[in-house]
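> Sending over target00.txt (compact mmCIF, N, CA and C atoms).
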# COMPACT_ATOMS: atom_id res chain seq x y z
N MET A 1 0.71 -27.52 -4.77
CA MET A 1 0.44 -26.75 -5.98
C MET A 1 1.01 -27.52 -7.17
N LYS A 2 0.24 -27.54 -8.23
CA LYS A 2 0.68 -28.22 -9.45
C LYS A 2 1.65 -27.35 -10.21
N ALA A 3 2.42 -27.94 -11.08
CA ALA A 3 3.47 -27.24 -11.82
C ALA A 3 2.94 -26.09 -12.67
N ASN A 4 1.74 -26.20 -13.21
CA ASN A 4 1.23 -25.16 -14.09
C ASN A 4 0.41 -24.10 -13.35
N GLU A 5 0.31 -24.18 -12.03
CA GLU A 5 -0.42 -23.20 -11.26
C GLU A 5 0.54 -22.13 -10.74
N THR A 6 0.05 -20.92 -10.63
CA THR A 6 0.87 -19.87 -10.07
C THR A 6 0.29 -19.47 -8.72
N GLN A 7 1.17 -19.13 -7.81
CA GLN A 7 0.74 -18.71 -6.49
C GLN A 7 0.56 -17.20 -6.51
N THR A 8 -0.56 -16.71 -5.98
CA THR A 8 -0.78 -15.27 -5.91
C THR A 8 -0.81 -14.85 -4.46
N ALA A 9 -0.16 -13.75 -4.18
CA ALA A 9 -0.14 -13.19 -2.85
C ALA A 9 -1.02 -11.94 -2.87
N THR A 10 -1.97 -11.88 -1.97
CA THR A 10 -2.91 -10.77 -1.92
C THR A 10 -2.77 -10.04 -0.59
N VAL A 11 -2.88 -8.72 -0.65
CA VAL A 11 -2.89 -7.89 0.56
C VAL A 11 -4.15 -7.04 0.57
N LYS A 12 -4.59 -6.67 1.76
CA LYS A 12 -5.70 -5.74 1.91
C LYS A 12 -5.08 -4.38 2.17
N VAL A 13 -5.41 -3.40 1.34
CA VAL A 13 -4.86 -2.06 1.48
C VAL A 13 -5.97 -1.11 1.91
N LEU A 14 -5.69 -0.34 2.96
CA LEU A 14 -6.64 0.62 3.51
C LEU A 14 -6.11 2.03 3.28
N TYR A 15 -7.00 2.97 3.00
CA TYR A 15 -6.64 4.38 2.81
C TYR A 15 -7.48 5.21 3.78
N PHE A 16 -6.82 6.13 4.50
CA PHE A 16 -7.51 6.92 5.51
C PHE A 16 -7.42 8.41 5.22
N ALA A 17 -8.38 9.15 5.80
CA ALA A 17 -8.42 10.62 5.78
C ALA A 17 -8.35 11.16 4.35
N ARG A 18 -7.43 12.11 4.10
CA ARG A 18 -7.37 12.77 2.79
C ARG A 18 -7.08 11.78 1.67
N LEU A 19 -6.40 10.68 1.98
CA LEU A 19 -6.10 9.69 0.93
C LEU A 19 -7.39 9.02 0.46
N ARG A 20 -8.27 8.69 1.39
CA ARG A 20 -9.55 8.06 1.02
C ARG A 20 -10.33 9.01 0.11
N GLU A 21 -10.33 10.29 0.47
CA GLU A 21 -11.05 11.30 -0.32
C GLU A 21 -10.45 11.43 -1.72
N ALA A 22 -9.14 11.61 -1.78
CA ALA A 22 -8.47 11.86 -3.06
C ALA A 22 -8.49 10.64 -3.98
N LEU A 23 -8.37 9.44 -3.40
CA LEU A 23 -8.29 8.23 -4.22
C LEU A 23 -9.66 7.63 -4.52
N GLY A 24 -10.68 8.10 -3.79
CA GLY A 24 -12.04 7.64 -4.07
C GLY A 24 -12.36 6.26 -3.55
N LYS A 25 -11.56 5.75 -2.62
CA LYS A 25 -11.85 4.44 -2.03
C LYS A 25 -11.18 4.35 -0.67
N GLY A 26 -11.78 3.55 0.19
CA GLY A 26 -11.25 3.36 1.52
C GLY A 26 -10.42 2.10 1.68
N GLU A 27 -10.64 1.15 0.77
CA GLU A 27 -9.87 -0.10 0.84
C GLU A 27 -9.97 -0.85 -0.48
N GLU A 28 -9.04 -1.77 -0.64
CA GLU A 28 -9.05 -2.65 -1.80
C GLU A 28 -8.16 -3.85 -1.54
N GLU A 29 -8.41 -4.91 -2.27
CA GLU A 29 -7.55 -6.10 -2.25
C GLU A 29 -6.65 -6.00 -3.47
N ILE A 30 -5.36 -6.22 -3.26
CA ILE A 30 -4.41 -6.14 -4.36
C ILE A 30 -3.61 -7.44 -4.44
N VAL A 31 -3.56 -8.01 -5.63
CA VAL A 31 -2.66 -9.14 -5.89
C VAL A 31 -1.29 -8.53 -6.14
N LEU A 32 -0.33 -8.92 -5.33
CA LEU A 32 1.01 -8.33 -5.45
C LEU A 32 1.67 -8.75 -6.76
N PRO A 33 2.05 -7.78 -7.57
CA PRO A 33 2.79 -8.12 -8.79
C PRO A 33 4.16 -8.69 -8.43
N GLU A 34 4.74 -9.43 -9.32
CA GLU A 34 6.07 -9.97 -9.10
C GLU A 34 7.04 -8.83 -8.81
N GLY A 35 7.85 -9.01 -7.79
CA GLY A 35 8.84 -8.00 -7.42
C GLY A 35 8.34 -7.00 -6.40
N VAL A 36 7.03 -6.98 -6.13
CA VAL A 36 6.49 -6.08 -5.11
C VAL A 36 6.49 -6.86 -3.80
N ASP A 37 7.57 -6.67 -3.02
CA ASP A 37 7.72 -7.43 -1.78
C ASP A 37 8.11 -6.55 -0.59
N THR A 38 8.01 -5.23 -0.76
CA THR A 38 8.24 -4.29 0.33
C THR A 38 7.16 -3.21 0.30
N VAL A 39 7.03 -2.50 1.40
CA VAL A 39 6.08 -1.39 1.46
C VAL A 39 6.43 -0.34 0.41
N GLY A 40 7.71 -0.05 0.25
CA GLY A 40 8.14 0.94 -0.74
C GLY A 40 7.80 0.51 -2.16
N ALA A 41 7.97 -0.76 -2.46
CA ALA A 41 7.64 -1.26 -3.80
C ALA A 41 6.13 -1.21 -4.03
N LEU A 42 5.35 -1.49 -2.99
CA LEU A 42 3.89 -1.39 -3.12
C LEU A 42 3.49 0.06 -3.39
N ALA A 43 4.07 1.00 -2.65
CA ALA A 43 3.77 2.41 -2.88
C ALA A 43 4.13 2.80 -4.32
N GLY A 44 5.26 2.32 -4.82
CA GLY A 44 5.66 2.60 -6.19
C GLY A 44 4.67 2.02 -7.20
N PHE A 45 4.20 0.81 -6.93
CA PHE A 45 3.20 0.19 -7.80
C PHE A 45 1.92 1.02 -7.82
N LEU A 46 1.49 1.49 -6.64
CA LEU A 46 0.28 2.31 -6.58
C LEU A 46 0.48 3.64 -7.29
N ARG A 47 1.66 4.26 -7.12
CA ARG A 47 1.96 5.53 -7.82
C ARG A 47 1.90 5.35 -9.34
N SER A 48 2.26 4.17 -9.81
CA SER A 48 2.29 3.93 -11.26
C SER A 48 0.89 3.99 -11.88
N ARG A 49 -0.14 4.01 -11.06
CA ARG A 49 -1.51 4.17 -11.57
C ARG A 49 -1.72 5.58 -12.12
N GLY A 50 -0.84 6.51 -11.73
CA GLY A 50 -0.92 7.88 -12.23
C GLY A 50 -1.95 8.72 -11.50
N GLY A 51 -2.19 9.92 -11.99
CA GLY A 51 -3.21 10.81 -11.45
C GLY A 51 -3.08 11.06 -9.96
N ALA A 52 -4.20 10.92 -9.25
CA ALA A 52 -4.22 11.15 -7.81
C ALA A 52 -3.29 10.20 -7.07
N TRP A 53 -3.12 8.98 -7.60
CA TRP A 53 -2.23 8.01 -6.97
C TRP A 53 -0.80 8.55 -6.94
N ALA A 54 -0.35 9.05 -8.07
CA ALA A 54 1.02 9.59 -8.15
C ALA A 54 1.15 10.84 -7.28
N ALA A 55 0.11 11.66 -7.26
CA ALA A 55 0.17 12.90 -6.48
C ALA A 55 0.14 12.63 -4.98
N GLU A 56 -0.77 11.80 -4.54
CA GLU A 56 -0.96 11.58 -3.10
C GLU A 56 0.10 10.67 -2.48
N LEU A 57 0.64 9.74 -3.25
CA LEU A 57 1.63 8.81 -2.70
C LEU A 57 3.03 9.11 -3.22
N GLY A 58 3.21 10.31 -3.78
CA GLY A 58 4.49 10.69 -4.35
C GLY A 58 5.61 10.73 -3.34
N VAL A 59 6.81 10.51 -3.82
CA VAL A 59 7.99 10.56 -2.97
C VAL A 59 8.05 11.95 -2.33
N GLY A 60 8.27 11.97 -1.03
CA GLY A 60 8.33 13.23 -0.31
C GLY A 60 7.00 13.69 0.27
N LYS A 61 5.89 13.03 -0.11
CA LYS A 61 4.58 13.38 0.46
C LYS A 61 4.51 12.84 1.89
N ALA A 62 3.80 13.54 2.74
CA ALA A 62 3.63 13.14 4.14
C ALA A 62 2.59 12.03 4.22
N VAL A 63 3.05 10.79 4.12
CA VAL A 63 2.18 9.62 4.21
C VAL A 63 2.88 8.60 5.09
N ARG A 64 2.13 8.05 6.02
CA ARG A 64 2.64 6.99 6.89
C ARG A 64 2.04 5.67 6.42
N VAL A 65 2.71 4.57 6.80
CA VAL A 65 2.23 3.24 6.43
C VAL A 65 2.33 2.34 7.65
N ALA A 66 1.31 1.51 7.82
CA ALA A 66 1.33 0.49 8.86
C ALA A 66 1.04 -0.86 8.21
N VAL A 67 1.74 -1.88 8.68
CA VAL A 67 1.51 -3.25 8.23
C VAL A 67 1.00 -4.03 9.44
N ASN A 68 -0.20 -4.57 9.31
CA ASN A 68 -0.84 -5.27 10.41
C ASN A 68 -0.84 -4.42 11.69
N GLN A 69 -1.13 -3.14 11.52
CA GLN A 69 -1.27 -2.15 12.58
C GLN A 69 0.04 -1.80 13.29
N ASP A 70 1.17 -2.15 12.70
CA ASP A 70 2.48 -1.73 13.20
C ASP A 70 3.09 -0.78 12.19
N MET A 71 3.64 0.34 12.67
CA MET A 71 4.27 1.30 11.77
C MET A 71 5.33 0.59 10.93
N ALA A 72 5.41 0.98 9.66
CA ALA A 72 6.31 0.31 8.73
C ALA A 72 7.18 1.33 8.00
N ALA A 73 8.32 0.87 7.55
CA ALA A 73 9.25 1.67 6.76
C ALA A 73 9.20 1.17 5.32
N PRO A 74 9.73 1.94 4.37
CA PRO A 74 9.70 1.50 2.97
C PRO A 74 10.32 0.11 2.76
N GLU A 75 11.30 -0.24 3.58
CA GLU A 75 11.96 -1.54 3.39
C GLU A 75 11.26 -2.69 4.12
N THR A 76 10.14 -2.42 4.80
CA THR A 76 9.39 -3.48 5.47
C THR A 76 8.90 -4.48 4.44
N ARG A 77 9.19 -5.76 4.68
CA ARG A 77 8.83 -6.83 3.74
C ARG A 77 7.35 -7.16 3.83
N ILE A 78 6.76 -7.48 2.69
CA ILE A 78 5.39 -7.99 2.62
C ILE A 78 5.40 -9.20 1.70
N SER A 79 4.51 -10.15 2.00
CA SER A 79 4.50 -11.37 1.19
C SER A 79 3.11 -11.88 0.88
N GLY A 80 2.10 -11.19 1.37
CA GLY A 80 0.73 -11.63 1.15
C GLY A 80 0.06 -11.91 2.48
N GLY A 81 -1.21 -11.59 2.56
CA GLY A 81 -1.98 -11.81 3.77
C GLY A 81 -1.98 -10.63 4.73
N GLU A 82 -1.14 -9.63 4.46
CA GLU A 82 -1.07 -8.48 5.36
C GLU A 82 -2.19 -7.48 5.11
N GLU A 83 -2.45 -6.67 6.14
CA GLU A 83 -3.31 -5.51 6.02
C GLU A 83 -2.37 -4.31 6.04
N ILE A 84 -2.41 -3.53 4.99
CA ILE A 84 -1.48 -2.39 4.84
C ILE A 84 -2.30 -1.12 4.78
N ALA A 85 -2.02 -0.20 5.71
CA ALA A 85 -2.78 1.04 5.81
C ALA A 85 -1.89 2.22 5.43
N PHE A 86 -2.40 3.08 4.55
CA PHE A 86 -1.73 4.33 4.18
C PHE A 86 -2.55 5.48 4.78
N PHE A 87 -1.87 6.41 5.47
CA PHE A 87 -2.58 7.50 6.12
C PHE A 87 -1.65 8.70 6.31
N PRO A 88 -2.24 9.91 6.35
CA PRO A 88 -1.43 11.09 6.60
C PRO A 88 -1.00 11.11 8.06
N PRO A 89 0.09 11.82 8.37
CA PRO A 89 0.51 11.93 9.77
C PRO A 89 -0.59 12.60 10.60
N VAL A 90 -0.68 12.23 11.83
CA VAL A 90 -1.70 12.78 12.71
C VAL A 90 -0.99 13.53 13.83
N THR A 91 -1.47 14.72 14.11
CA THR A 91 -0.91 15.48 15.23
C THR A 91 -2.01 15.71 16.24
N GLY A 92 -1.63 15.76 17.47
CA GLY A 92 -2.59 16.00 18.53
C GLY A 92 -2.34 17.37 19.15
N GLY A 93 -3.24 17.78 20.00
CA GLY A 93 -3.02 19.06 20.63
C GLY A 93 -3.98 19.34 21.73
Take the structure in the file and give it back as structure tokens.

Amino acid sequence: MKANETQTATVKVLYFARLREALGKGEEEIVLPEGVDTVGALAGFLRSRGGAWAAELGVGKAVRVAVNQDMAAPETRISGGEEIAFFPPVTGG
């Protein structure tokens, strides 16, 4: 990389069930802003969009996250290239 080029890290974000309905999309590619290097920071970035984003991904809302199909915690690190899925908890019966 040349000195005047910047490196961008991109993730694929998927939204399932009620999140897909409320947010109006099932997936998107996001260039990670500087400082967004954890699942929690990504959720905060998405909440900053306001409206349904803030409501559906708000702190305390029942939302699970998986990174590359493995369950993730807010402190799970991301650096680009990951597939990150947000979904409501699922119960069986």
> To one decimal in Å, tell me the separation between atom C of Pro33 in chain A and CA of Phe45 in chain A.
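Separating atom C of Pro33 in chain A from CA of Phe45 in chain A is a distance of 9.0 Å.
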> So, with all atoms listed in the file as the atoms that count, which of A:Gly50, A:Pro88, A:Gly26, A:Gly40 lies closest to Arg64 in chain A?
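Nearest to Arg64 in chain A: A:Pro88.
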> If we count only C-alpha atoms and set the cut-off at 12 Å, which residues sit around Gly24 in chain A, ignoring sequence neighbours fewer than 2 positions away in its own chain? Please answer as a PyMOL selection string.
chain A and resi 14-22+26-28+51-53+56
> DSSP on the backbone, strand (DSSP E or B) only: what residues of chain A does that give? Format it as number ranges by chain.
A: 10-15, 27-31, 38, 64-67, 70-71, 77, 83-87
> So the first atom is atom C of Val31 in chain A and the second is CA of Val90 in chain A; what is the distance between them in Å, to one decimal place?
28.5 Å
> What is the atom N of Val59 in chain A-atom N of Val39 in chain A distance in Å, reported with one decimal?
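For atom N of Val59 in chain A relative to atom N of Val39 in chain A, the distance reads 14.0 Å.
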> From chain A, collect each residue whose DSSP state is helix (DSSP H, G or I) and return the set as a ChimeraX atom specification.
/A:18-23,39-47,51-56
> How would the residues just chosen look if you wrote them out with N, CA and C atoms as a JSON list (two decimals), in the frame of the given file?

[["chain", "number", "residue", "atom", "x", "y", "z"],
["A", 18, "ARG", "N", -7.43, 12.11, 4.10],
["A", 18, "ARG", "CA", -7.37, 12.77, 2.79],
["A", 18, "ARG", "C", -7.08, 11.78, 1.67],
["A", 19, "LEU", "N", -6.40, 10.68, 1.98],
["A", 19, "LEU", "CA", -6.10, 9.69, 0.93],
["A", 19, "LEU", "C", -7.39, 9.02, 0.46],
["A", 20, "ARG", "N", -8.27, 8.69, 1.39],
["A", 20, "ARG", "CA", -9.55, 8.06, 1.02],
["A", 20, "ARG", "C", -10.33, 9.01, 0.11],
["A", 21, "GLU", "N", -10.33, 10.29, 0.47],
["A", 21, "GLU", "CA", -11.05, 11.30, -0.32],
["A", 21, "GLU", "C", -10.45, 11.43, -1.72],
["A", 22, "ALA", "N", -9.14, 11.61, -1.78],
["A", 22, "ALA", "CA", -8.47, 11.86, -3.06],
["A", 22, "ALA", "C", -8.49, 10.64, -3.98],
["A", 23, "LEU", "N", -8.37, 9.44, -3.40],
["A", 23, "LEU", "CA", -8.29, 8.23, -4.22],
["A", 23, "LEU", "C", -9.66, 7.63, -4.52],
["A", 39, "VAL", "N", 7.03, -2.50, 1.40],
["A", 39, "VAL", "CA", 6.08, -1.39, 1.46],
["A", 39, "VAL", "C", 6.43, -0.34, 0.41],
["A", 40, "GLY", "N", 7.71, -0.05, 0.25],
["A", 40, "GLY", "CA", 8.14, 0.94, -0.74],
["A", 40, "GLY", "C", 7.80, 0.51, -2.16],
["A", 41, "ALA", "N", 7.97, -0.76, -2.46],
["A", 41, "ALA", "CA", 7.64, -1.26, -3.80],
["A", 41, "ALA", "C", 6.13, -1.21, -4.03],
["A", 42, "LEU", "N", 5.35, -1.49, -2.99],
["A", 42, "LEU", "CA", 3.89, -1.39, -3.12],
["A", 42, "LEU", "C", 3.49, 0.06, -3.39],
["A", 43, "ALA", "N", 4.07, 1.00, -2.65],
["A", 43, "ALA", "CA", 3.77, 2.41, -2.88],
["A", 43, "ALA", "C", 4.13, 2.80, -4.32],
["A", 44, "GLY", "N", 5.26, 2.32, -4.82],
["A", 44, "GLY", "CA", 5.66, 2.60, -6.19],
["A", 44, "GLY", "C", 4.67, 2.02, -7.20],
["A", 45, "PHE", "N", 4.20, 0.81, -6.93],
["A", 45, "PHE", "CA", 3.20, 0.19, -7.80],
["A", 45, "PHE", "C", 1.92, 1.02, -7.82],
["A", 46, "LEU", "N", 1.49, 1.49, -6.64],
["A", 46, "LEU", "CA", 0.28, 2.31, -6.58],
["A", 46, "LEU", "C", 0.48, 3.64, -7.29],
["A", 47, "ARG", "N", 1.66, 4.26, -7.12],
["A", 47, "ARG", "CA", 1.96, 5.53, -7.82],
["A", 47, "ARG", "C", 1.90, 5.35, -9.34],
["A", 51, "GLY", "N", -2.19, 9.92, -11.99],
["A", 51, "GLY", "CA", -3.21, 10.81, -11.45],
["A", 51, "GLY", "C", -3.08, 11.06, -9.96],
["A", 52, "ALA", "N", -4.20, 10.92, -9.25],
["A", 52, "ALA", "CA", -4.22, 11.15, -7.81],
["A", 52, "ALA", "C", -3.29, 10.20, -7.07],
["A", 53, "TRP", "N", -3.12, 8.98, -7.60],
["A", 53, "TRP", "CA", -2.23, 8.01, -6.97],
["A", 53, "TRP", "C", -0.80, 8.55, -6.94],
["A", 54, "ALA", "N", -0.35, 9.05, -8.07],
["A", 54, "ALA", "CA", 1.02, 9.59, -8.15],
["A", 54, "ALA", "C", 1.15, 10.84, -7.28],
["A", 55, "ALA", "N", 0.11, 11.66, -7.26],
["A", 55, "ALA", "CA", 0.17, 12.90, -6.48],
["A", 55, "ALA", "C", 0.14, 12.63, -4.98],
["A", 56, "GLU", "N", -0.77, 11.80, -4.54],
["A", 56, "GLU", "CA", -0.96, 11.58, -3.10],
["A", 56, "GLU", "C", 0.10, 10.67, -2.48]]
> Hey, what's within 7 Å of Ala41 in chain A if we count all atoms listed in the file and toss same-chain stuff fewer than 6 positions away? As a PyMOL selection string, please?
chain A and resi 35+74-75
